[in-house]
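Here's structure.cif, which has mmCIF, C-alpha atoms:
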data_target
loop_
_atom_site.group_PDB
_atom_site.id
_atom_site.type_symbol
_atom_site.label_atom_id
_atom_site.label_comp_id
_atom_site.auth_asym_id
_atom_site.auth_seq_id
_atom_site.Cartn_x
_atom_site.Cartn_y
_atom_site.Cartn_z
ATOM 1 C CA MET A 17 -200.284 -16.882 -34.415
ATOM 2 C CA ARG A 18 -200.938 -13.244 -33.858
ATOM 3 C CA GLU A 19 -198.186 -10.667 -33.801
ATOM 4 C CA GLU A 20 -200.076 -8.381 -31.407
ATOM 5 C CA GLU A 21 -199.621 -11.044 -28.717
ATOM 6 C CA GLY A 22 -195.852 -10.672 -29.081
ATOM 7 C CA VAL A 23 -195.490 -13.970 -30.907
ATOM 8 C CA THR A 24 -193.664 -13.973 -34.219
ATOM 9 C CA ALA A 25 -195.880 -14.902 -37.141
ATOM 10 C CA CYS A 26 -195.184 -18.066 -39.053
ATOM 11 C CA MET A 27 -193.203 -17.415 -42.232
ATOM 12 C CA CYS A 28 -194.802 -20.156 -44.351
ATOM 13 C CA PRO A 29 -196.452 -19.227 -47.677
ATOM 14 C CA SER A 30 -199.893 -19.512 -46.043
ATOM 15 C CA CYS A 31 -199.111 -17.036 -43.264
ATOM 16 C CA ALA A 32 -196.678 -14.571 -44.841
ATOM 17 C CA ALA A 33 -196.937 -12.421 -47.952
ATOM 18 C CA VAL A 34 -193.209 -12.987 -48.449
ATOM 19 C CA PRO A 35 -192.365 -16.436 -47.051
ATOM 20 C CA ALA A 36 -188.987 -17.234 -45.542
ATOM 21 C CA PRO A 37 -186.561 -18.801 -48.045
ATOM 22 C CA THR A 38 -186.615 -22.094 -46.146
ATOM 23 C CA PHE A 39 -190.277 -22.567 -47.089
ATOM 24 C CA LEU A 40 -189.676 -22.275 -50.843
ATOM 25 C CA PRO A 41 -189.419 -25.235 -53.248
ATOM 26 C CA ALA A 42 -186.026 -24.024 -54.520
ATOM 27 C CA PHE A 43 -184.575 -24.304 -51.012
ATOM 28 C CA ARG A 44 -185.906 -27.847 -50.652
ATOM 29 C CA LEU A 45 -184.413 -28.784 -54.001
ATOM 30 C CA GLU A 46 -180.982 -27.366 -53.054
ATOM 31 C CA CYS A 47 -181.042 -29.311 -49.761
ATOM 32 C CA GLU A 48 -182.148 -32.507 -51.473
ATOM 33 C CA ALA A 49 -179.358 -32.158 -54.046
ATOM 34 C CA ARG A 50 -176.722 -31.690 -51.304
ATOM 35 C CA ALA A 51 -178.013 -34.750 -49.469
ATOM 36 C CA VAL A 52 -178.080 -36.960 -52.568
ATOM 37 C CA LEU A 53 -174.568 -35.857 -53.567
ATOM 38 C CA ALA A 54 -173.315 -37.107 -50.203
ATOM 39 C CA TRP A 55 -174.497 -40.651 -50.983
ATOM 40 C CA PRO A 56 -172.458 -43.348 -52.786
ATOM 41 C CA ILE A 57 -172.937 -43.273 -56.567
ATOM 42 C CA GLU A 58 -175.062 -46.443 -56.679
ATOM 43 C CA ALA A 59 -177.456 -45.059 -54.066
ATOM 44 C CA ARG A 60 -177.712 -41.833 -56.110
ATOM 45 C CA ARG A 61 -178.540 -43.738 -59.272
ATOM 46 C CA GLU A 62 -181.163 -45.831 -57.498
ATOM 47 C CA TYR A 63 -182.752 -42.750 -55.935
ATOM 48 C CA LEU A 64 -182.827 -40.814 -59.206
ATOM 49 C CA ALA A 65 -184.437 -43.801 -60.939
ATOM 50 C CA SER A 66 -187.129 -44.180 -58.276
ATOM 51 C CA ARG A 67 -190.704 -43.394 -59.194
ATOM 52 C CA PRO A 68 -191.307 -40.588 -56.631
ATOM 53 C CA VAL A 69 -188.380 -38.580 -58.016
ATOM 54 C CA GLN A 70 -189.371 -38.714 -61.685
ATOM 55 C CA GLY A 71 -191.517 -35.571 -61.638
ATOM 56 C CA ARG A 72 -188.604 -33.427 -60.475
ATOM 57 C CA ARG A 73 -185.626 -35.465 -61.694
ATOM 58 C CA ALA A 74 -184.444 -33.040 -64.374
ATOM 59 C CA ASP A 75 -184.499 -30.101 -61.945
ATOM 60 C CA LEU A 76 -182.778 -32.157 -59.248
ATOM 61 C CA GLU A 77 -180.047 -33.331 -61.624
ATOM 62 C CA GLU A 78 -179.433 -29.757 -62.787
ATOM 63 C CA VAL A 79 -179.002 -28.533 -59.210
ATOM 64 C CA MET A 80 -176.781 -31.529 -58.423
ATOM 65 C CA ARG A 81 -174.563 -30.781 -61.442
ATOM 66 C CA ARG A 82 -174.295 -27.140 -60.445
ATOM 67 C CA GLN A 83 -173.334 -28.055 -56.879
ATOM 68 C CA PHE A 84 -170.905 -30.731 -58.026
ATOM 69 C CA ASP A 85 -169.182 -28.302 -60.408
ATOM 70 C CA ALA A 86 -168.988 -25.664 -57.695
ATOM 71 C CA ARG A 87 -167.333 -28.093 -55.329
ATOM 72 C CA ARG A 88 -164.751 -28.859 -57.992
ATOM 73 C CA GLY A 89 -164.035 -25.177 -58.513
ATOM 74 C CA HIS A 90 -166.024 -24.707 -61.730
ATOM 75 C CA GLY A 91 -168.695 -22.376 -60.426
ATOM 76 C CA GLU A 92 -170.548 -21.191 -57.364
ATOM 77 C CA VAL A 93 -173.114 -22.965 -55.256
ATOM 78 C CA SER A 94 -176.342 -21.041 -54.872
ATOM 79 C CA ALA A 95 -177.824 -21.065 -51.403
#

Could the structure of this file be written out as structure tokens, please?
Amino acid sequence: MREEEGVTACMCPSCAAVPAPTFLPAFRLECEARAVLAWPIEARREYLASRPVQGRRADLEEVMRRQFDARRGHGEVSA
């Protein structure tokens, strides 16, 4: 997309020097953690044990703990 045509440029990392926050891995991880926390505990355990999650499991669990604590009044959720 070209801005001179009056169309807003894409804000992905490929098109923008400073990508929009929604295109960053940290944003995806925060969203994934919120989604997984909404599931029943057995579904969470199964998901966290699944092979595709193993490469990012430690990071995901950390974000989930932080969000869980924030919901219980022990901290703040980062956006």

Handout entry: Contact residues around A:Arg50 with only C-alpha atoms at 12 Å, ignoring same-chain residues under 2 positions, as a list of chain:residue names
Key =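 Within the cut-off, the hits are A:Phe43, A:Arg44, A:Leu45, A:Glu46, A:Cys47, A:Glu48, A:Val52, A:Leu53, A:Ala54, A:Trp55, A:Arg60, A:Leu76, A:Glu77, A:Glu78, A:Val79, A:Met80, A:Arg81, A:Arg82, A:Gln83, A:Phe84, A:Ala86, A:Arg87, A:Val93, A:Ser94, A:Ala95.
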
Practice task
Could you tell me which of A:Ile57, A:Leu40, A:Ala65, A:Ala49 comes closest to A:Met27 if we count all atoms listed in the file?
Solution key: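 Of A:Ile57, A:Leu40, A:Ala65, A:Ala49, the one nearest A:Met27, counting all atoms listed in the file, is A:Leu40.
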
Exercise for the section: Have a look at atom CA of A:Pro37 and atom CA of A:Pro68 and let me know their distance in Å, one decimal. Expected result: 23.9 Å

Handout entry: Residue contacts of A:Cys28 (12 Å, all atoms listed in the file) excluding same-chain residues fewer than 2 positions away, as number ranges by chain
Key = A: 17, 24-26, 30-41

Please report, as lines of an AutoDock Vina configuration file, the centre and edge lengths in Å to one decimal of an axis-aligned box covering all listed atoms of stretch 47-58 of chain A with 4 Å per side.
center_x = -177.3
center_y = -37.9
center_z = -53.1
size_x = 17.7
size_y = 25.1
size_z = 15.2

Problem - atom CA of A:Gly89 to atom CA of A:Ala59, distance in Å rounded to a single decimal - result: 24.4 Å

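Atom CA of A:Leu64 lies 17.7 Å from atom CA of A:Ala42.
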